[in-house]
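Student: To be precise about what I am sending: the file is called work-v1.pdb and holds PDB, C-alpha atoms.
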```
ATOM      1  CA  MET A  75     -32.202  16.986  72.605
ATOM      2  CA  ALA A  76     -33.171  13.326  73.182
ATOM      3  CA  LEU A  77     -36.282  13.821  71.052
ATOM      4  CA  PHE A  78     -34.115  15.039  68.167
ATOM      5  CA  PRO A  79     -31.243  12.547  67.763
ATOM      6  CA  TYR A  80     -30.937  13.844  64.184
ATOM      7  CA  LEU A  81     -29.508  17.160  65.379
ATOM      8  CA  CYS A  82     -26.480  15.852  67.278
ATOM      9  CA  ASN A  83     -23.011  16.504  65.888
ATOM     10  CA  MET A  84     -24.057  18.082  62.603
ATOM     11  CA  SER A  85     -21.191  19.380  60.479
ATOM     12  CA  ASP A  86     -20.988  22.821  58.869
ATOM     13  CA  SER A  87     -21.807  21.258  55.486
ATOM     14  CA  SER A  88     -25.301  20.439  56.805
ATOM     15  CA  ALA A  89     -26.305  24.087  56.286
ATOM     16  CA  THR A  90     -26.552  23.366  52.546
ATOM     17  CA  ALA A  91     -30.098  22.743  51.316
ATOM     18  CA  ASN A  92     -30.790  19.297  49.847
ATOM     19  CA  TRP A  93     -33.850  17.515  48.499
ATOM     20  CA  TYR A  94     -35.637  15.009  50.722
ATOM     21  CA  ALA A  95     -38.600  12.707  50.093
ATOM     22  CA  LEU A  96     -41.805  12.442  52.097
ATOM     23  CA  LYS A  97     -44.320   9.622  52.271
ATOM     24  CA  VAL A  98     -47.578  11.479  52.911
ATOM     25  CA  PHE A  99     -50.384   9.569  54.606
ATOM     26  CA  TYR A 100     -54.003   9.691  53.417
ATOM     27  CA  ASN A 101     -52.882  11.142  50.027
ATOM     28  CA  LYS A 102     -52.870  14.668  51.503
ATOM     29  CA  VAL A 103     -49.885  15.837  49.409
ATOM     30  CA  PHE A 104     -51.414  19.225  48.576
ATOM     31  CA  ASP A 105     -52.101  19.942  52.264
ATOM     32  CA  MET A 106     -48.523  18.912  53.118
ATOM     33  CA  ARG A 107     -47.173  21.133  50.320
ATOM     34  CA  ASP A 108     -49.034  24.107  51.797
ATOM     35  CA  PHE A 109     -47.743  23.221  55.277
ATOM     36  CA  LEU A 110     -44.126  23.108  54.059
ATOM     37  CA  GLU A 111     -44.421  26.325  52.042
ATOM     38  CA  ARG A 112     -45.828  28.175  55.084
ATOM     39  CA  ARG A 113     -42.550  27.237  56.779
ATOM     40  CA  GLY A 114     -40.534  28.704  53.912
ATOM     41  CA  LEU A 115     -39.534  25.365  52.364
ATOM     42  CA  THR A 116     -39.716  24.537  48.658
ATOM     43  CA  ALA A 117     -41.960  21.566  47.872
ATOM     44  CA  TYR A 118     -42.244  19.529  44.679
ATOM     45  CA  ILE A 119     -45.040  17.151  43.755
ATOM     46  CA  PRO A 120     -44.781  15.292  40.430
ATOM     47  CA  LEU A 121     -48.192  15.938  38.844
ATOM     48  CA  MET A 122     -50.219  14.762  35.872
ATOM     49  CA  ASP A 123     -53.334  16.211  34.276
ATOM     50  CA  VAL A 124     -56.424  14.002  34.368
ATOM     51  CA  ILE A 125     -59.833  14.624  32.803
ATOM     52  CA  VAL A 126     -62.655  13.967  35.276
ATOM     53  CA  GLU A 127     -66.363  14.054  34.629
ATOM     54  CA  ARG A 128     -68.920  15.010  37.262
ATOM     55  CA  ASN A 129     -72.585  15.493  36.486
ATOM     56  CA  GLY A 130     -71.829  15.501  32.765
ATOM     57  CA  VAL A 131     -69.212  18.270  33.086
ATOM     58  CA  ARG A 132     -65.663  17.395  32.044
ATOM     59  CA  ARG A 133     -62.708  19.286  33.444
ATOM     60  CA  LYS A 134     -58.973  18.887  33.776
ATOM     61  CA  VAL A 135     -57.534  18.431  37.276
ATOM     62  CA  GLU A 136     -54.018  17.868  38.577
ATOM     63  CA  ARG A 137     -53.322  14.631  40.396
ATOM     64  CA  PRO A 138     -50.088  13.316  41.891
ATOM     65  CA  LEU A 139     -48.151  11.123  39.454
ATOM     66  CA  ILE A 140     -47.051   8.993  42.414
ATOM     67  CA  ASN A 141     -49.642   8.750  45.178
ATOM     68  CA  SER A 142     -48.418   9.859  48.588
ATOM     69  CA  LEU A 143     -44.900  10.819  47.443
ATOM     70  CA  MET A 144     -43.535  14.353  47.416
ATOM     71  CA  PHE A 145     -40.231  16.141  47.874
ATOM     72  CA  PHE A 146     -38.986  19.182  49.767
ATOM     73  CA  ARG A 147     -35.782  21.201  49.835
ATOM     74  CA  ALA A 148     -34.270  21.980  53.236
ATOM     75  CA  THR A 149     -31.103  21.905  55.280
ATOM     76  CA  SER A 150     -30.445  18.693  57.203
ATOM     77  CA  GLU A 151     -31.386  20.505  60.427
ATOM     78  CA  GLN A 152     -34.712  21.675  58.969
ATOM     79  CA  ALA A 153     -35.462  18.177  57.664
ATOM     80  CA  ALA A 154     -34.674  16.601  61.044
ATOM     81  CA  ALA A 155     -36.760  19.176  62.917
ATOM     82  CA  LEU A 156     -39.673  18.445  60.580
ATOM     83  CA  VAL A 157     -39.818  14.750  61.579
ATOM     84  CA  PRO A 158     -41.688  15.189  64.905
ATOM     85  CA  GLU A 159     -43.801  18.030  63.476
ATOM     86  CA  ILE A 160     -45.357  15.864  60.774
ATOM     87  CA  GLU A 161     -45.661  12.648  62.771
ATOM     88  CA  GLY A 162     -48.945  10.908  61.971
ATOM     89  CA  ARG A 163     -49.364  12.892  58.732
ATOM     90  CA  ALA A 164     -46.189  12.030  56.833
ATOM     91  CA  MET A 165     -42.795  10.414  57.160
ATOM     92  CA  VAL A 166     -39.408  11.657  55.966
ATOM     93  CA  TYR A 167     -37.451   8.922  54.198
ATOM     94  CA  SER A 168     -34.426   8.247  56.391
ATOM     95  CA  ARG A 169     -31.196   6.285  56.435
ATOM     96  CA  ARG A 170     -29.118   4.846  59.243
ATOM     97  CA  SER A 171     -25.877   6.565  60.188
ATOM     98  CA  GLU A 172     -23.535   6.493  63.167
ATOM     99  CA  ARG A 173     -25.860   9.100  64.742
ATOM    100  CA  GLY A 174     -28.968   6.943  64.270
ATOM    101  CA  LEU A 175     -31.699   7.699  61.767
ATOM    102  CA  VAL A 176     -31.140  10.814  59.651
ATOM    103  CA  PRO A 177     -33.212  12.200  56.768
ATOM    104  CA  ALA A 178     -31.865  10.753  53.509
ATOM    105  CA  ALA A 179     -30.737  13.521  51.166
ATOM    106  CA  ILE A 180     -31.357  12.925  47.463
ATOM    107  CA  PRO A 181     -28.375  13.713  45.216
ATOM    108  CA  ALA A 182     -29.004  16.963  43.329
ATOM    109  CA  THR A 183     -28.300  15.418  39.916
ATOM    110  CA  GLU A 184     -30.865  12.639  40.487
ATOM    111  CA  MET A 185     -33.477  15.145  41.641
ATOM    112  CA  ASP A 186     -32.770  17.565  38.764
ATOM    113  CA  ILE A 187     -33.253  14.835  36.158
ATOM    114  CA  PHE A 188     -36.327  13.468  37.962
ATOM    115  CA  MET A 189     -37.927  16.945  38.020
ATOM    116  CA  LEU A 190     -36.999  17.538  34.370
ATOM    117  CA  VAL A 191     -38.844  14.378  33.336
ATOM    118  CA  THR A 192     -41.845  14.690  35.676
ATOM    119  CA  SER A 193     -42.491  18.422  35.336
ATOM    120  CA  ARG A 194     -42.794  18.649  31.536
ATOM    121  CA  GLY A 195     -46.510  17.915  31.502
ATOM    122  CA  GLU A 196     -45.882  15.270  28.841
ATOM    123  CA  ASN A 197     -48.524  12.604  28.389
ATOM    124  CA  GLY A 198     -47.308   9.059  28.848
ATOM    125  CA  VAL A 199     -45.007   9.585  31.834
ATOM    126  CA  GLU A 200     -45.922   6.875  34.289
ATOM    127  CA  TYR A 201     -44.831   5.622  37.667
ATOM    128  CA  ILE A 202     -43.443   2.123  37.320
ATOM    129  CA  GLY A 203     -42.803   1.324  40.961
ATOM    130  CA  ASP A 204     -40.018   1.435  43.482
ATOM    131  CA  ASP A 205     -36.494   1.687  42.159
ATOM    132  CA  SER A 206     -35.698  -1.949  41.515
ATOM    133  CA  PRO A 207     -32.754  -3.710  39.896
ATOM    134  CA  ARG A 208     -35.042  -5.086  37.172
ATOM    135  CA  TYR A 209     -35.325  -1.552  35.758
ATOM    136  CA  HIS A 210     -31.550  -1.170  35.444
ATOM    137  CA  ALA A 211     -31.156  -3.493  32.473
ATOM    138  CA  GLY A 212     -30.143  -1.831  29.222
ATOM    139  CA  ASP A 213     -27.861   0.945  28.212
ATOM    140  CA  LEU A 214     -27.341   4.182  30.086
ATOM    141  CA  VAL A 215     -28.342   6.970  27.699
ATOM    142  CA  SER A 216     -28.621  10.731  27.441
ATOM    143  CA  VAL A 217     -31.583  12.364  25.692
ATOM    144  CA  ILE A 218     -30.174  14.800  23.107
ATOM    145  CA  ASP A 219     -33.393  16.240  21.632
ATOM    146  CA  GLY A 220     -37.107  16.571  22.291
ATOM    147  CA  PRO A 221     -39.040  17.487  25.439
ATOM    148  CA  PHE A 222     -36.793  15.369  27.704
ATOM    149  CA  LYS A 223     -33.514  16.793  26.361
ATOM    150  CA  GLY A 224     -30.826  16.705  29.041
ATOM    151  CA  SER A 225     -32.259  13.678  30.860
ATOM    152  CA  VAL A 226     -30.085  10.688  31.639
ATOM    153  CA  GLY A 227     -31.444   7.237  32.350
ATOM    154  CA  ARG A 228     -31.716   3.647  31.206
ATOM    155  CA  ILE A 229     -33.679   2.511  28.189
ATOM    156  CA  ILE A 230     -36.169  -0.308  28.605
ATOM    157  CA  ARG A 231     -39.203  -1.528  26.698
ATOM    158  CA  ILE A 232     -42.639  -1.069  28.236
ATOM    159  CA  LYS A 233     -45.668  -2.146  26.201
ATOM    160  CA  ASN A 234     -43.383  -2.508  23.135
ATOM    161  CA  ASN A 235     -42.289   1.135  23.290
ATOM    162  CA  GLN A 236     -38.777   2.390  23.973
ATOM    163  CA  ARG A 237     -38.840   4.508  27.116
ATOM    164  CA  LEU A 238     -36.386   6.288  29.364
ATOM    165  CA  VAL A 239     -36.459   5.213  33.002
ATOM    166  CA  VAL A 240     -35.309   7.800  35.531
ATOM    167  CA  THR A 241     -34.732   6.694  39.116
ATOM    168  CA  ILE A 242     -34.157   8.237  42.477
ATOM    169  CA  ASN A 243     -31.955   5.499  43.862
ATOM    170  CA  GLY A 244     -33.752   3.333  46.410
ATOM    171  CA  LEU A 245     -36.941   5.406  46.261
ATOM    172  CA  CYS A 246     -38.813   5.346  42.962
ATOM    173  CA  ALA A 247     -38.627   5.091  39.200
ATOM    174  CA  VAL A 248     -40.663   6.747  36.441
ATOM    175  CA  ALA A 249     -40.787   6.028  32.727
ATOM    176  CA  THR A 250     -41.214   8.683  30.051
ATOM    177  CA  SER A 251     -43.438   8.397  27.034
ATOM    178  CA  TYR A 252     -41.908   6.968  23.840
ATOM    179  CA  ILE A 253     -38.570   8.519  22.865
ATOM    180  CA  PRO A 254     -37.439   8.147  19.222
ATOM    181  CA  ARG A 255     -34.096   6.383  18.728
ATOM    182  CA  ALA A 256     -32.694   9.525  17.023
ATOM    183  CA  PHE A 257     -33.206  11.494  20.242
ATOM    184  CA  ILE A 258     -30.968   9.324  22.408
ATOM    185  CA  ARG A 259     -27.232   8.709  22.604
ATOM    186  CA  LYS A 260     -25.529   5.960  24.540
ATOM    187  CA  ILE A 261     -23.328   7.386  27.287
ATOM    188  CA  GLY A 262     -19.711   6.966  26.232
ATOM    189  CA  GLU A 263     -20.436   7.434  22.499
ATOM    190  CA  GLN A 264     -19.396  10.578  20.676
TER     191      GLN A 264
END
```
Starting from the coordinates I provided, produce the structure as structure tokens.
Tutor:
Amino acid sequence: MALFPYLCNMSDSSATANWYALKVFYNKVFDMRDFLERRGLTAYIPLMDVIVERNGVRRKVERPLINSLMFFRATSEQAAALVPEIEGRAMVYSRRSERGLVPAAIPATEMDIFMLVTSRGENGVEYIGDDSPRYHAGDLVSVIDGPFKGSVGRIIRIKNNQRLVVTINGLCAVATSYIPRAFIRKIGEQ
């Protein structure tokens, strides 16, 4: 049990599956996804389509939107047990608690909105860095129409375009492509 301090004193609520983030070394996110899925876990990698040309042949390939970052859904026990299994290949983002380091669960609402924005296949979605207070300026809005309908985030200007920034608190932030003013509503307005 000393090797797994994460497993001590877990409550019954820990049997609920949550989303967790992984930092994958050597950009091997697809290999890690396969590894997790072989263990019966759901994995999510935010992807973008890129056109590559080799020997005069152009083709579309999927690449991670955020290099080395992926997510998986598991119980807290499964996430903790994964830590020593993936050592040297990846790291589970963790937080300190009274029991020591524990895998940091991502709130379901944050993950749902993040997946909504990053899984649409829309051009123009870009990674803008770690979640940072400088991206929190501006009004909190809800997208009421268009491909990002249902998303909630903060509006900022990037390259003179109005964009929605969606964050996973303390982990990362992504910005959508341009969203027309008519498609957004300030939270708190009717």
Student: Could you give me, as a VMD selection string, the residues within 10 Å of Val135 (chain A), counting all atoms listed in the file and dropping anything in the same chain fewer than 5 positions from it?
Tutor: chain A and resid 121 to 126
Student: Would you mind telling me which residue in A:Arg237, A:Lys102, A:Arg173, A:Arg112 lies nearest to Leu143 (chain A) when using all atoms listed in the file?
Tutor: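 Among the listed residues, A:Lys102 lies closest to Leu143 (chain A).
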Student: Which of these, A:Pro177, A:Arg259, A:Ser193, A:Val226, has the shortest distance to Val157 (chain A) once you count only C-alpha atoms?
Tutor: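 So, comparing all the options, the nearest one is A:Pro177.
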Student: Could you state which residues are captured by the PyMOL selection byres ((chain A and resi 101) around 10) in this file, as a ChimeraX atom specification?
Tutor: /A:97-100,102-106,138,140-143,163-164
Student: Work out how far CA of Phe146 (chain A) is from CA of Tyr94 (chain A), in Å to one decimal.
Tutor: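 The value is 5.4 Å.
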Student: Run through the PyMOL selection byres ((chain A and resi 190) around 12) on the given coordinates and return the selected residues as a count of residues only.
Tutor: 27
Student: Edge lengths and centre, in Å to one decimal, as AutoDock Vina command-line options: that's what I need for the box along x, y and z that holds all listed atoms of region 102-113 of chain A plus 4 Å on each side.
Tutor:
```
--center_x -47.7 --center_y 21.4 --center_z 52.7 --size_x 18.3 --size_y 21.5 --size_z 16.2
```
Student: Since the input has fewer atoms than a full residue there, write region 111-141 of chain A out with N, CA and C atoms, as a compact mmCIF listing (two decimals), in the frame of the given file.
Tutor:
```txt
# COMPACT_ATOMS: atom_id res chain seq x y z
N GLU A 111 -44.65 24.99 52.61
CA GLU A 111 -44.42 26.32 52.04
C GLU A 111 -44.68 27.42 53.07
N ARG A 112 -45.62 27.21 54.00
CA ARG A 112 -45.83 28.18 55.08
C ARG A 112 -44.59 28.27 55.98
N ARG A 113 -43.79 27.24 56.00
CA ARG A 113 -42.55 27.24 56.78
C ARG A 113 -41.35 27.69 55.96
N GLY A 114 -41.60 28.17 54.75
CA GLY A 114 -40.53 28.70 53.91
C GLY A 114 -39.74 27.66 53.16
N LEU A 115 -40.23 26.43 53.08
CA LEU A 115 -39.53 25.36 52.36
C LEU A 115 -40.11 25.21 50.96
N THR A 116 -39.28 24.81 50.03
CA THR A 116 -39.72 24.54 48.66
C THR A 116 -40.22 23.11 48.59
N ALA A 117 -41.39 22.91 48.01
CA ALA A 117 -41.96 21.57 47.87
C ALA A 117 -42.15 21.25 46.39
N TYR A 118 -42.03 19.98 46.06
CA TYR A 118 -42.24 19.53 44.68
C TYR A 118 -43.09 18.27 44.69
N ILE A 119 -44.18 18.31 43.93
CA ILE A 119 -45.04 17.15 43.76
C ILE A 119 -45.07 16.84 42.26
N PRO A 120 -44.64 15.65 41.84
CA PRO A 120 -44.78 15.29 40.43
C PRO A 120 -46.27 15.14 40.12
N LEU A 121 -46.76 15.90 39.15
CA LEU A 121 -48.19 15.94 38.84
C LEU A 121 -48.48 15.48 37.43
N MET A 122 -49.72 15.06 37.20
CA MET A 122 -50.22 14.76 35.87
C MET A 122 -51.62 15.36 35.75
N ASP A 123 -51.99 15.70 34.53
CA ASP A 123 -53.33 16.21 34.28
C ASP A 123 -54.26 15.05 33.95
N VAL A 124 -55.43 15.05 34.57
CA VAL A 124 -56.42 14.00 34.37
C VAL A 124 -57.75 14.68 34.05
N ILE A 125 -58.49 14.13 33.11
CA ILE A 125 -59.83 14.62 32.80
C ILE A 125 -60.82 13.85 33.67
N VAL A 126 -61.62 14.59 34.45
CA VAL A 126 -62.66 13.97 35.28
C VAL A 126 -64.01 14.49 34.83
N GLU A 127 -65.01 13.65 35.00
CA GLU A 127 -66.36 14.05 34.63
C GLU A 127 -67.26 13.92 35.84
N ARG A 128 -67.95 15.01 36.17
CA ARG A 128 -68.92 15.01 37.26
C ARG A 128 -70.18 15.68 36.76
N ASN A 129 -71.28 14.98 36.92
CA ASN A 129 -72.58 15.49 36.49
C ASN A 129 -72.57 15.95 35.04
N GLY A 130 -71.88 15.18 34.19
CA GLY A 130 -71.83 15.50 32.76
C GLY A 130 -70.87 16.61 32.39
N VAL A 131 -70.17 17.18 33.35
CA VAL A 131 -69.21 18.27 33.09
C VAL A 131 -67.80 17.70 33.17
N ARG A 132 -67.05 17.87 32.07
CA ARG A 132 -65.66 17.40 32.04
C ARG A 132 -64.73 18.55 32.34
N ARG A 133 -63.71 18.26 33.17
CA ARG A 133 -62.71 19.29 33.44
C ARG A 133 -61.37 18.61 33.73
N LYS A 134 -60.32 19.39 33.56
CA LYS A 134 -58.97 18.89 33.78
C LYS A 134 -58.55 19.23 35.21
N VAL A 135 -58.02 18.23 35.92
CA VAL A 135 -57.53 18.43 37.28
C VAL A 135 -56.13 17.85 37.39
N GLU A 136 -55.35 18.39 38.32
CA GLU A 136 -54.02 17.87 38.58
C GLU A 136 -54.09 16.81 39.67
N ARG A 137 -53.41 15.70 39.42
CA ARG A 137 -53.32 14.63 40.40
C ARG A 137 -51.86 14.25 40.54
N PRO A 138 -51.47 13.77 41.71
CA PRO A 138 -50.09 13.32 41.89
C PRO A 138 -49.77 12.16 40.94
N LEU A 139 -48.61 12.21 40.31
CA LEU A 139 -48.15 11.12 39.45
C LEU A 139 -47.89 9.88 40.30
N ILE A 140 -47.35 10.09 41.49
CA ILE A 140 -47.05 8.99 42.41
C ILE A 140 -47.80 9.29 43.71
N ASN A 141 -48.83 8.50 43.98
CA ASN A 141 -49.64 8.75 45.18
C ASN A 141 -48.78 8.77 46.43
```
